[in-house]
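Here the structure is laid out as structure tokens; the discussion comes afterwards.
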Amino acid sequence: MIDYTAILQRKLYSMFNDDSIRDRVCIELDRYGIESHEQETDRVKLAILKIADSDVKEIQAQVDSAKIDYRDILAYAEYPNQMKAGWNITDERLMEIDKQQYEAWLEK
């Protein structure tokens, strides 16, 4: 099982060296997970970081999107190639590439 909490903390420190920026990002990320329908908090926050790629304004936008439907954020972070191809197309090769790419990102 993936420890999303530990990975999230590690990613925050590796992506944001400046304490004030990291604090700002944490405050922004903490807007997600307040409402009962906002599920899988740390997994979604990691997905937001992956999609936003250190862009604080993009983090804000992705948090807003996650608050509407967190599944979209997870899909675009964890299955980017499959999302580009379309969910109606099942491509085992793309799924494997997405899985490997996401696992490599988590390890960084």
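Chain labels follow the order of the structure tokens: the first chain is A, the next B, and so on; residue numbering restarts at 1 in every chain, and ligands are counted from 1 in their shown order.
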Within 9 Å of region 48-61 of chain A: each region 70-96 of chain A residue with its shortest pair, only C-alpha atoms, as CSV:
residue,atom,partner,partner_atom,distance
A:Ile73,CA,A:Ile48,CA,6.7
A:Leu74,CA,A:Ile48,CA,8.1
A:Tyr76,CA,A:Ile51,CA,7.4
A:Ala77,CA,A:Ile51,CA,5.8
A:Glu78,CA,A:Lys50,CA,8.9
**OP:** Point out the residue among A:Lys84, A:Lys45, A:Arg24, A:Lys108 with the least atom-to-atom distance to Tyr70 (chain A), counting only C-alpha atoms.
**Re:**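 Ranked by minimum distance to Tyr70 (chain A), first place goes to A:Lys45.
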Subject >> Surrounding residues of Asp42 (chain A) excluding itself and chain neighbours under 4 positions, 7 Å, only C-alpha atoms, as a ChimeraX atom specification >> reply: /A:4-5,8,46
Subject >> Atom pair CA of Leu94 (chain A) / CA of Gln62 (chain A): separation (Å) >> reply: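 Here the two named atoms are 23.8 Å from each other.
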Subject >> Shell around Asp30 (chain A) at 10 Å using only C-alpha atoms, local window under 2 positions removed, as a ChimeraX atom specification >> reply: /A:24-28,32-34,41-42,45,63
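Of the listed residues (A:Ala75, A:Ala85, A:Ala6, A:Ala66), A:Ala6 comes nearest to Leu106 (chain A); the distances count only C-alpha atoms.
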**OP:** Have a look at A:Ser65, A:His37, A:Ile2, A:Tyr79 and name the one nearest to Met95 (chain A); count only C-alpha atoms.
**Re:** A:Tyr79
Original post:
Got a sec: who's within 10 Å of Asp91 (chain A), counting only C-alpha atoms, leaving out chain neighbours fewer than 5 positions off, as a PyMOL selection string?
Top reply: chain A and resi 81-82+85-86+96
